[in-house]
Every structure is written in structure tokens, then in C-alpha cells.
>>> print(open('coords_9.pdb').read())   # PDB, C-alpha atoms
ATOM      1  CA  MET X 954       0.000   0.000   0.000
ATOM      2  CA  LYS X 955       2.945   2.322   0.756
ATOM      3  CA  GLY X 956       4.163   2.074  -2.830
ATOM      4  CA  ASP X 957       0.624   2.750  -4.058
ATOM      5  CA  LEU X 958       0.407   5.947  -2.045
ATOM      6  CA  TRP X 959       3.735   7.076  -3.442
ATOM      7  CA  THR X 960       2.582   6.407  -6.992
ATOM      8  CA  ILE X 961      -0.568   8.442  -6.469
ATOM      9  CA  ALA X 962       1.347  11.267  -4.768
ATOM     10  CA  VAL X 963       3.908  11.437  -7.589
ATOM     11  CA  VAL X 964       1.205  11.334 -10.255
ATOM     12  CA  LEU X 965      -0.862  14.054  -8.583
ATOM     13  CA  VAL X 966       2.209  16.300  -8.256
ATOM     14  CA  PHE X 967       2.915  15.648 -11.936
ATOM     15  CA  LEU X 968      -0.641  16.557 -12.955
ATOM     16  CA  ALA X 969      -0.616  19.631 -10.703
ATOM     17  CA  MET X 970       2.539  20.774 -12.509
ATOM     18  CA  MET X 971       1.089  19.991 -15.906
ATOM     19  CA  LEU X 972      -1.878  22.353 -15.432
ATOM     20  CA  PRO X 973       0.204  25.571 -15.426
ATOM     21  CA  ALA X 974       2.405  24.049 -18.154
ATOM     22  CA  VAL X 975      -0.643  23.645 -20.383
ATOM     23  CA  GLY X 976      -1.653  27.231 -19.543
ATOM     24  CA  LEU X 977       1.802  28.466 -20.556
ATOM     25  CA  GLY X 978       1.573  26.368 -23.709
ATOM     26  CA  PHE X 979      -1.667  28.142 -24.533
ATOM     27  CA  GLU X 980      -0.021  31.549 -24.101
ATOM     28  CA  SER X 981       2.976  30.583 -26.227
ATOM     29  CA  ALA X 982       0.721  29.301 -29.037
ATOM     30  CA  ALA X 983      -0.261  32.903 -29.804
ATOM     31  CA  ASP X 984       0.883  34.119 -33.178
ATOM     32  CA  GLU X 985       0.231  37.031 -35.541
ATOM     33  CA  ARG X 986      -2.952  36.201 -37.446
ATOM     34  CA  THR X 987      -5.295  37.937 -39.840
ATOM     35  CA  ILE X 988      -8.794  37.923 -38.389
ATOM     36  CA  ASP X 989     -11.915  38.165 -40.547
ATOM     37  CA  GLU X 990     -15.185  38.780 -38.780
ATOM     38  CA  GLU X 991     -18.582  40.339 -39.303
ATOM     39  CA  LEU X 992     -19.955  43.139 -37.139
ATOM     40  CA  THR X 993     -23.140  45.167 -37.129
ATOM     41  CA  LEU X 994     -22.240  48.842 -37.200
ATOM     42  CA  GLU X 995     -24.144  51.472 -35.264
ATOM     43  CA  HIS X 996     -23.843  55.194 -35.790
ATOM     44  CA  GLN X 997     -21.646  56.825 -33.114
ATOM     45  CA  GLU X 998     -21.678  53.610 -31.066
ATOM     46  CA  PRO X 999     -18.259  51.988 -30.506
ATOM     47  CA  VAL X1000     -18.323  48.298 -31.475
ATOM     48  CA  GLU X1001     -15.507  46.078 -30.236
ATOM     49  CA  VAL X1002     -13.970  43.351 -32.409
ATOM     50  CA  SER X1003     -13.573  39.848 -30.940
ATOM     51  CA  TYR X1004      -9.809  40.064 -30.352
ATOM     52  CA  ALA X1005      -9.708  43.744 -29.345
ATOM     53  CA  ASP X1006      -7.108  43.103 -26.621
ATOM     54  CA  ASP X1007      -4.763  41.347 -29.037
ATOM     55  CA  VAL X1008      -4.831  43.826 -31.945
ATOM     56  CA  THR X1009      -1.247  44.401 -33.095
ATOM     57  CA  ASP X1010      -1.475  47.314 -35.535
ATOM     58  CA  ASP X1011      -3.873  49.956 -36.810
ATOM     59  CA  ASP X1012      -4.254  48.385 -40.249
ATOM     60  CA  VAL X1013      -7.947  47.525 -40.589
ATOM     61  CA  THR X1014     -10.285  46.999 -43.520
ATOM     62  CA  VAL X1015     -14.041  47.519 -43.147
ATOM     63  CA  THR X1016     -16.284  46.513 -46.047
ATOM     64  CA  VAL X1017     -20.065  46.846 -46.389
ATOM     65  CA  ASP X1018     -21.700  45.080 -49.363
ATOM     66  CA  GLY X1019     -18.419  45.124 -51.288
ATOM     67  CA  THR X1020     -17.776  48.817 -50.613
ATOM     68  CA  GLU X1021     -14.629  49.518 -48.599
ATOM     69  CA  LEU X1022     -15.264  52.197 -45.990
ATOM     70  CA  GLU X1023     -12.731  54.929 -45.377
ATOM     71  CA  GLU X1024     -11.171  55.370 -41.993
ATOM     72  CA  GLY X1025     -11.622  58.901 -40.675
ATOM     73  CA  THR X1026     -14.536  59.572 -43.040
ATOM     74  CA  ASP X1027     -16.877  56.630 -42.542
ATOM     75  CA  TYR X1028     -15.564  55.213 -39.270
ATOM     76  CA  ASP X1029     -12.950  55.625 -36.543
ATOM     77  CA  TRP X1030     -10.696  52.759 -35.461
ATOM     78  CA  ASP X1031      -9.252  52.845 -31.963
ATOM     79  CA  SER X1032      -7.284  49.724 -30.992
ATOM     80  CA  GLY X1033     -10.029  47.223 -31.630
ATOM     81  CA  GLU X1034     -13.045  49.540 -31.467
ATOM     82  CA  ILE X1035     -14.932  50.695 -34.538
ATOM     83  CA  THR X1036     -17.116  53.779 -34.277
ATOM     84  CA  LEU X1037     -19.287  54.470 -37.314
ATOM     85  CA  THR X1038     -19.281  58.166 -38.171
ATOM     86  CA  ASN X1039     -21.192  57.949 -41.456
ATOM     87  CA  ASP X1040     -24.866  57.270 -40.669
ATOM     88  CA  GLU X1041     -25.407  55.957 -44.201
ATOM     89  CA  TYR X1042     -24.149  52.565 -42.998
ATOM     90  CA  ASP X1043     -26.052  52.509 -39.702
ATOM     91  CA  GLY X1044     -27.291  48.992 -38.919
ATOM     92  CA  GLU X1045     -25.336  47.417 -41.795
ATOM     93  CA  THR X1046     -23.286  44.241 -41.387
ATOM     94  CA  ALA X1047     -19.633  44.940 -42.079
ATOM     95  CA  ALA X1048     -16.801  42.540 -42.899
ATOM     96  CA  VAL X1049     -13.832  43.560 -40.758
ATOM     97  CA  THR X1050     -10.259  42.388 -41.391
ATOM     98  CA  TYR X1051      -7.466  43.176 -38.935
ATOM     99  CA  SER X1052      -4.293  41.707 -37.423
ATOM    100  CA  ALA X1053      -4.095  40.271 -33.929
ATOM    101  CA  GLU X1054      -1.608  38.211 -31.986
ATOM    102  CA  THR X1055      -3.750  35.367 -30.782
ATOM    103  CA  GLN X1056      -4.204  31.603 -30.814
ATOM    104  CA  SER X1057      -5.856  29.736 -33.657
ATOM    105  CA  GLU X1058      -9.562  28.930 -33.499
ATOM    106  CA  GLU X1059      -8.745  25.241 -32.943
ATOM    107  CA  THR X1060      -6.490  26.135 -30.002
ATOM    108  CA  HIS X1061      -9.292  28.167 -28.406
ATOM    109  CA  ASP X1062     -11.722  25.254 -28.897
ATOM    110  CA  VAL X1063      -9.261  22.709 -27.490
ATOM    111  CA  ALA X1064      -8.508  24.961 -24.510
ATOM    112  CA  GLN X1065     -12.203  25.098 -23.723
ATOM    113  CA  VAL X1066     -12.572  21.331 -24.072
ATOM    114  CA  LEU X1067      -9.618  20.682 -21.782
ATOM    115  CA  GLY X1068     -10.912  23.156 -19.238
ATOM    116  CA  VAL X1069      -7.935  25.493 -19.205
ATOM    117  CA  PHE X1070     -10.314  28.352 -18.541
ATOM    118  CA  ASP X1071     -13.017  26.589 -16.582
ATOM    119  CA  GLY X1072     -10.787  24.838 -14.108
ATOM    120  CA  TRP X1073     -12.912  21.700 -14.103
ATOM    121  CA  ILE X1074      -9.750  19.575 -14.237
ATOM    122  CA  ALA X1075      -9.289  20.572 -10.586
ATOM    123  CA  ILE X1076     -12.670  18.947  -9.905
ATOM    124  CA  VAL X1077     -11.526  15.792 -11.721
ATOM    125  CA  LEU X1078      -8.382  15.716  -9.567
ATOM    126  CA  LEU X1079     -10.517  16.097  -6.446
ATOM    127  CA  PHE X1080     -12.632  13.195  -7.703
ATOM    128  CA  VAL X1081      -9.454  11.144  -8.198
ATOM    129  CA  VAL X1082      -8.198  11.849  -4.677
ATOM    130  CA  THR X1083     -11.600  10.894  -3.247
ATOM    131  CA  GLY X1084     -11.617   7.755  -5.411
ATOM    132  CA  ALA X1085      -8.141   6.841  -4.203
ATOM    133  CA  ILE X1086      -9.153   7.191  -0.562
ATOM    134  CA  VAL X1087     -12.291   5.082  -1.146
ATOM    135  CA  ALA X1088     -10.277   2.471  -3.059
ATOM    136  CA  MET X1089      -7.676   2.295  -0.293
ATOM    137  CA  ALA X1090     -10.367   1.980   2.361
ATOM    138  CA  PHE X1091     -12.369  -0.754   0.621
ATOM    139  CA  GLY X1092      -9.716  -2.344  -1.637
ATOM    140  CA  GLY X1093     -10.228  -3.333  -5.262
ATOM    141  CA  SER X1094      -7.721  -0.942  -6.707
ATOM    142  CA  ASN X1095      -4.684  -1.716  -8.798
ATOM    143  CA  PHE X1096      -2.522   1.305  -8.138
ATOM    144  CA  GLY X1097       0.555   1.668 -10.257
ATOM    145  CA  GLY X1098       0.314  -1.718 -11.874
ATOM    146  CA  ARG X1099      -2.230  -4.067 -13.328
TER     147      ARG X1099
ATOM    148  CA  MET G 245       7.041  25.363 -29.609
ATOM    149  CA  TRP G 246       9.949  24.007 -31.632
ATOM    150  CA  SER G 247       9.089  21.026 -33.787
ATOM    151  CA  GLY G 248      11.875  18.892 -32.235
ATOM    152  CA  ILE G 249      10.448  19.324 -28.738
ATOM    153  CA  TYR G 250       6.955  18.785 -30.134
ATOM    154  CA  LEU G 251       7.982  15.480 -31.756
ATOM    155  CA  ALA G 252       9.739  14.358 -28.559
ATOM    156  CA  LEU G 253       6.555  15.085 -26.596
ATOM    157  CA  PHE G 254       4.534  13.207 -29.222
ATOM    158  CA  ALA G 255       6.829  10.172 -28.831
ATOM    159  CA  LEU G 256       6.417  10.345 -25.039
ATOM    160  CA  ALA G 257       2.612  10.595 -25.302
ATOM    161  CA  ALA G 258       2.390   7.770 -27.855
ATOM    162  CA  GLY G 259       4.736   5.563 -25.815
ATOM    163  CA  ALA G 260       2.821   6.138 -22.580
ATOM    164  CA  THR G 261      -0.483   5.470 -24.357
ATOM    165  CA  TYR G 262       0.892   2.227 -25.829
ATOM    166  CA  ILE G 263       2.064   1.069 -22.404
ATOM    167  CA  TYR G 264      -1.232   1.664 -20.615
ATOM    168  CA  VAL G 265      -3.483   0.477 -23.496
ATOM    169  CA  VAL G 266      -1.592  -2.500 -24.936
ATOM    170  CA  GLU G 267       0.834  -3.594 -22.228
ATOM    171  CA  GLU G 268      -1.480  -2.501 -19.398
ATOM    172  CA  GLU G 269       1.534  -1.860 -17.189
ATOM    173  CA  ALA G 270       1.832   0.880 -14.543
ATOM    174  CA  VAL G 271      -1.525   2.220 -15.716
ATOM    175  CA  VAL G 272      -1.834   5.025 -13.146
ATOM    176  CA  PHE G 273       1.552   6.475 -14.003
ATOM    177  CA  THR G 274       1.487   6.053 -17.784
ATOM    178  CA  SER G 275      -2.113   7.241 -18.240
ATOM    179  CA  ALA G 276      -1.294  10.392 -16.227
ATOM    180  CA  ILE G 277       1.811  10.996 -18.365
ATOM    181  CA  ALA G 278      -0.282  10.418 -21.502
ATOM    182  CA  ALA G 279      -3.092  12.752 -20.341
ATOM    183  CA  GLY G 280      -0.624  15.529 -19.535
ATOM    184  CA  THR G 281       1.423  15.274 -22.702
ATOM    185  CA  TRP G 282      -1.565  14.846 -25.047
ATOM    186  CA  SER G 283      -3.168  17.976 -23.586
ATOM    187  CA  LEU G 284       0.085  19.922 -23.985
ATOM    188  CA  LEU G 285       0.335  18.703 -27.594
ATOM    189  CA  ALA G 286      -3.296  19.683 -28.252
ATOM    190  CA  ILE G 287      -2.854  23.178 -26.834
ATOM    191  CA  THR G 288       0.507  23.985 -28.430
ATOM    192  CA  GLY G 289      -0.406  22.394 -31.779
ATOM    193  CA  GLY G 290      -1.610  25.767 -33.034
ATOM    194  CA  GLY G 291       1.918  27.189 -33.160
ATOM    195  CA  VAL G 292       4.655  24.695 -34.028
ATOM    196  CA  ASP G 293       7.866  26.326 -35.256
ATOM    197  CA  VAL G 294       9.489  24.468 -38.130
ATOM    198  CA  VAL G 295      12.825  25.493 -39.637
ATOM    199  CA  SER G 296      12.570  25.173 -43.400
ATOM    200  CA  GLY G 297      15.336  26.373 -45.735
ATOM    201  CA  GLY G 298      16.873  28.526 -42.989
ATOM    202  CA  GLU G 299      13.567  30.219 -42.273
ATOM    203  CA  THR G 300      11.354  29.592 -39.288
ATOM    204  CA  VAL G 301       7.783  28.863 -40.272
ATOM    205  CA  THR G 302       4.990  28.562 -37.716
ATOM    206  CA  MET G 303       2.559  25.788 -38.522
ATOM    207  CA  SER G 304      -0.854  24.972 -37.118
ATOM    208  CA  LEU G 305      -1.973  21.348 -36.852
ATOM    209  CA  GLY G 306      -5.631  22.345 -37.195
ATOM    210  CA  SER G 307      -8.094  19.535 -36.663
ATOM    211  CA  VAL G 308      -5.360  17.181 -35.398
ATOM    212  CA  GLN G 309      -5.486  19.255 -32.206
ATOM    213  CA  TYR G 310      -9.017  17.928 -31.583
ATOM    214  CA  LEU G 311      -7.695  14.361 -31.926
ATOM    215  CA  PHE G 312      -4.965  15.060 -29.369
ATOM    216  CA  ALA G 313      -7.520  16.650 -27.026
ATOM    217  CA  GLY G 314      -9.670  13.507 -27.357
ATOM    218  CA  LEU G 315      -6.709  11.274 -26.543
ATOM    219  CA  SER G 316      -5.972  13.467 -23.545
ATOM    220  CA  LEU G 317      -9.522  13.088 -22.220
ATOM    221  CA  LEU G 318      -9.396   9.348 -22.904
ATOM    222  CA  SER G 319      -6.170   9.077 -20.921
ATOM    223  CA  LEU G 320      -7.668  11.148 -18.106
ATOM    224  CA  ILE G 321     -10.644   8.763 -17.967
ATOM    225  CA  ALA G 322      -8.245   5.785 -17.923
ATOM    226  CA  PHE G 323      -6.302   7.474 -15.114
ATOM    227  CA  VAL G 324      -9.408   8.005 -12.996
ATOM    228  CA  GLY G 325     -10.562   4.460 -13.819
ATOM    229  CA  SER G 326      -7.231   2.962 -12.793
ATOM    230  CA  ILE G 327      -7.286   4.794  -9.460
ATOM    231  CA  ILE G 328     -10.786   3.539  -8.719
ATOM    232  CA  GLY G 329     -10.040   0.061 -10.045
ATOM    233  CA  TRP G 330     -12.333   0.060 -13.093
ATOM    234  CA  TYR G 331      -9.509  -0.019 -15.629
ATOM    235  CA  PRO G 332      -7.943  -2.213 -16.847
ATOM    236  CA  THR G 333     -10.702  -4.777 -16.586
ATOM    237  CA  ASP G 334      -9.754  -8.291 -15.475
ATOM    238  CA  PRO G 335      -8.336 -10.298 -18.391
ATOM    239  CA  GLU G 336     -10.401 -13.240 -19.581
ATOM    240  CA  ILE G 337      -8.939 -16.545 -18.509
ATOM    241  CA  HIS G 338      -9.037 -19.218 -21.179
ATOM    242  CA  ASN G 339      -8.707 -22.835 -20.172
ATOM    243  CA  GLU G 340      -6.426 -23.574 -23.102
ATOM    244  CA  ASP G 341      -3.897 -21.135 -21.681
ATOM    245  CA  TYR G 342      -3.494 -23.354 -18.650
ATOM    246  CA  ARG G 343      -3.161 -26.797 -20.254
ATOM    247  CA  VAL G 344      -0.382 -28.881 -18.729
TER     248      VAL G 344
END
>>> encode(input="coords_9.pdb", output="C-alpha cells")
Amino acid sequence: MKGDLWTIAVVLVFLAMMLPAVGLGFESAADERTIDEELTLEHQEPVEVSYADDVTDDDVTVTVDGTELEEGTDYDWDSGEITLTNDEYDGETAAVTYSAETQSEETHDVAQVLGVFDGWIAIVLLFVVTGAIVAMAFGGSNFGGR
Amino acid sequence: MWSGIYLALFALAAGATYIYVVEEEAVVFTSAIAAGTWSLLAITGGGVDVVSGGETVTMSLGSVQYLFAGLSLLSLIAFVGSIIGWYPTDPEIHNEDYRV
């Protein structure tokens, strides 16, 4: 039983260390990407793009029905926020293209699945510890081996 | 992450998975190693740096990341199961294996 406890302790320490490692891996997976998204513009109402915090430069393209809008005339762009100044396009859906340093869509999906943000892996670990205690109390476990 | 490190992690994850699935040895330890490394591979798969012709190119594995995430969850389930005693299940005993 002593060896079993050691195995579980070592494994739990390993998993506890892996959680921040996965978090760091998520941060390091960020890369400069071109983001295309659609937004509904409202006159004089700032609208934030999805990756507003990760915008890397002020190069943005806003298109409504194939017509490219002009920055300064039709809209203002302020680090991820678009404010429509030309009321002609009020309520229109615009295609916005900009650069942001962020993770790929797949990485965001995978991070959500693995619970990097939700922290539910901590609940799983708690479940494991409880399971280990129950198994040790009532037997029937095969710690560390078959 | 550099492709060399990524491949080394892949080998570790695949090896650990093989040991706990096929060999069914040290299941607690190897399934935990597999769960950790598969999740790291799934997360970092969106930015793998490959040196090609003297230039560093960042590649994304795309949908393969979902596969790695699935393997990670599978390994996590095996880990929990091995702690509780549900996995691996008892092997079937065939009489012909014990003929004298």
C-alpha cells in the first residue's frame, strides 16, 4: 500500500505541474494572425472586435456590401473599437479584417474542451483523490500496476 | 514550440499510451503521463515552429489538435478508472492457456 500511495502522490504532483504548463503552452501558441469577422455597425456607437485586446497594428479593412469604408470619413478605429461616423451605414453588417496576436480557433476550442479556462480539471483531480481514498479503504484498486 | 520538442513530446505521449493500453503496465503512471502530454500537444499544436530552408515557419496542426484533445480526455478517464479500479478490466482466462 505504501508504494501505491507514493505512486498516487507522484502522479498528482505531476498533474498539478502539468496544469500551469498547459496554460503556458496556450499563451505561447499565440501568433500574428489575420482575423476576418462580421460586425453590425451602429452610428456613433463603438463596437468592439472579438480580439480587441490582441490587436497588433492599426491596419484595418471595413467593407459593407463590397464597398470599402474609409477610416476617418466613414468610421474611426481605436485599438479594436470601430465607431461608425457615417450614418449611411447605420445597422449594416460589415466585414472587418485586422491583425491580432492570438491563438488559432482550434487552439481556443481545445482549450475550452480541456478546461484550461473553466478549471474543471481541478474537480476531476478532487474526484481522483476521493476515489483513491475510497479504493484504499475498501480495496479493489490496482494502483501503479495491473 | 519548436518542432523537435513537439515530436519528442509526441513520442512520449504515444509511448505512454501504448504502455497503458496494450501492455497494461503501470496504468496510473502512464495514463497520467499520456493525459498531460496529449493535452500539452493539443494546446501547443496551433503554433509549431518548423525550420525550413533557414527560415522559421509557424505551422498549425488544425483539426489534429481535436484528436490530441480527445486522446488526452481518454487518458484522463483511464487514469481516474485505474485509481478507482475500473480499468484495466480483469483479463479473460481461457482454459487452453493453462493446459499442462
>>> resolve_selection(input="coords_9.pdb", expression="the PyMOL selection byres ((chain G and resi 261-275) around 9)", output="VMD selection string")
(chain X and resid 960 to 961 963 to 964 1095 to 1099) or (chain G and resid 256 to 260 276 to 280 315 318 to 327 331 to 332)
>>> resolve_selection(input="coords_9.pdb", expression="the PyMOL selection byres ((chain G and resi 305) around 9)", output="count of residues only")
12
>>> closest_residue(input="coords_9.pdb", among="G:Ile287, G:Leu251, G:Val301, G:Val295", to="chain X", atoms="only C-alpha atoms")
G:Ile287
>>> closest_residue(input="coords_9.pdb", among="G:Thr333, G:Ser296, G:Leu311, G:Leu284", to="chain X", atoms="all atoms listed in the file")
G:Leu284
>>> atom_distance(input="coords_9.pdb", atom1="CA of Ala1048 (chain X)", atom2="CA of Ile1035 (chain X)")
11.8 Å
>>> residues_around(input="coords_9.pdb", residues="region 979-988 of chain X", least_positions_apart="4", cutoff="12 Å", atoms="only C-alpha atoms", output="PyMOL selection string")
(chain X and resi 972-975+1002-1005+1007-1010+1012-1015+1033+1048-1065+1067-1070) or (chain G and resi 245-246+283-293+301-305)
>>> write_last_selection(input="coords_9.pdb", atoms="C-alpha atoms", output="PDB file, in the coordinates of the input")
ATOM      1  CA  LEU X 972      -1.878  22.353 -15.432  1.00  0.00           C
ATOM      2  CA  PRO X 973       0.204  25.571 -15.426  1.00  0.00           C
ATOM      3  CA  ALA X 974       2.405  24.049 -18.154  1.00  0.00           C
ATOM      4  CA  VAL X 975      -0.643  23.645 -20.383  1.00  0.00           C
ATOM      5  CA  VAL X1002     -13.970  43.351 -32.409  1.00  0.00           C
ATOM      6  CA  SER X1003     -13.573  39.848 -30.940  1.00  0.00           C
ATOM      7  CA  TYR X1004      -9.809  40.064 -30.352  1.00  0.00           C
ATOM      8  CA  ALA X1005      -9.708  43.744 -29.345  1.00  0.00           C
ATOM      9  CA  ASP X1007      -4.763  41.347 -29.037  1.00  0.00           C
ATOM     10  CA  VAL X1008      -4.831  43.826 -31.945  1.00  0.00           C
ATOM     11  CA  THR X1009      -1.247  44.401 -33.095  1.00  0.00           C
ATOM     12  CA  ASP X1010      -1.475  47.314 -35.535  1.00  0.00           C
ATOM     13  CA  ASP X1012      -4.254  48.385 -40.249  1.00  0.00           C
ATOM     14  CA  VAL X1013      -7.947  47.525 -40.589  1.00  0.00           C
ATOM     15  CA  THR X1014     -10.285  46.999 -43.520  1.00  0.00           C
ATOM     16  CA  VAL X1015     -14.041  47.519 -43.147  1.00  0.00           C
ATOM     17  CA  GLY X1033     -10.029  47.223 -31.630  1.00  0.00           C
ATOM     18  CA  ALA X1048     -16.801  42.540 -42.899  1.00  0.00           C
ATOM     19  CA  VAL X1049     -13.832  43.560 -40.758  1.00  0.00           C
ATOM     20  CA  THR X1050     -10.259  42.388 -41.391  1.00  0.00           C
ATOM     21  CA  TYR X1051      -7.466  43.176 -38.935  1.00  0.00           C
ATOM     22  CA  SER X1052      -4.293  41.707 -37.423  1.00  0.00           C
ATOM     23  CA  ALA X1053      -4.095  40.271 -33.929  1.00  0.00           C
ATOM     24  CA  GLU X1054      -1.608  38.211 -31.986  1.00  0.00           C
ATOM     25  CA  THR X1055      -3.750  35.367 -30.782  1.00  0.00           C
ATOM     26  CA  GLN X1056      -4.204  31.603 -30.814  1.00  0.00           C
ATOM     27  CA  SER X1057      -5.856  29.736 -33.657  1.00  0.00           C
ATOM     28  CA  GLU X1058      -9.562  28.930 -33.499  1.00  0.00           C
ATOM     29  CA  GLU X1059      -8.745  25.241 -32.943  1.00  0.00           C
ATOM     30  CA  THR X1060      -6.490  26.135 -30.002  1.00  0.00           C
ATOM     31  CA  HIS X1061      -9.292  28.167 -28.406  1.00  0.00           C
ATOM     32  CA  ASP X1062     -11.722  25.254 -28.897  1.00  0.00           C
ATOM     33  CA  VAL X1063      -9.261  22.709 -27.490  1.00  0.00           C
ATOM     34  CA  ALA X1064      -8.508  24.961 -24.510  1.00  0.00           C
ATOM     35  CA  GLN X1065     -12.203  25.098 -23.723  1.00  0.00           C
ATOM     36  CA  LEU X1067      -9.618  20.682 -21.782  1.00  0.00           C
ATOM     37  CA  GLY X1068     -10.912  23.156 -19.238  1.00  0.00           C
ATOM     38  CA  VAL X1069      -7.935  25.493 -19.205  1.00  0.00           C
ATOM     39  CA  PHE X1070     -10.314  28.352 -18.541  1.00  0.00           C
TER      40      PHE X1070
ATOM     41  CA  MET G 245       7.041  25.363 -29.609  1.00  0.00           C
ATOM     42  CA  TRP G 246       9.949  24.007 -31.632  1.00  0.00           C
ATOM     43  CA  SER G 283      -3.168  17.976 -23.586  1.00  0.00           C
ATOM     44  CA  LEU G 284       0.085  19.922 -23.985  1.00  0.00           C
ATOM     45  CA  LEU G 285       0.335  18.703 -27.594  1.00  0.00           C
ATOM     46  CA  ALA G 286      -3.296  19.683 -28.252  1.00  0.00           C
ATOM     47  CA  ILE G 287      -2.854  23.178 -26.834  1.00  0.00           C
ATOM     48  CA  THR G 288       0.507  23.985 -28.430  1.00  0.00           C
ATOM     49  CA  GLY G 289      -0.406  22.394 -31.779  1.00  0.00           C
ATOM     50  CA  GLY G 290      -1.610  25.767 -33.034  1.00  0.00           C
ATOM     51  CA  GLY G 291       1.918  27.189 -33.160  1.00  0.00           C
ATOM     52  CA  VAL G 292       4.655  24.695 -34.028  1.00  0.00           C
ATOM     53  CA  ASP G 293       7.866  26.326 -35.256  1.00  0.00           C
ATOM     54  CA  VAL G 301       7.783  28.863 -40.272  1.00  0.00           C
ATOM     55  CA  THR G 302       4.990  28.562 -37.716  1.00  0.00           C
ATOM     56  CA  MET G 303       2.559  25.788 -38.522  1.00  0.00           C
ATOM     57  CA  SER G 304      -0.854  24.972 -37.118  1.00  0.00           C
ATOM     58  CA  LEU G 305      -1.973  21.348 -36.852  1.00  0.00           C
TER      59      LEU G 305
END
>>> closest_residue(input="coords_9.pdb", among="X:Ile1076, X:Ala1047, X:Met971, X:Val1000", to="chain G", atoms="all atoms listed in the file")
X:Met971
>>> atom_distance(input="coords_9.pdb", atom1="CA of Met970 (chain X)", atom2="CA of Trp330 (chain G)")
25.5 Å
>>> atom_distance(input="coords_9.pdb", atom1="CA of Asn1039 (chain X)", atom2="CA of Leu1022 (chain X)")
9.4 Å
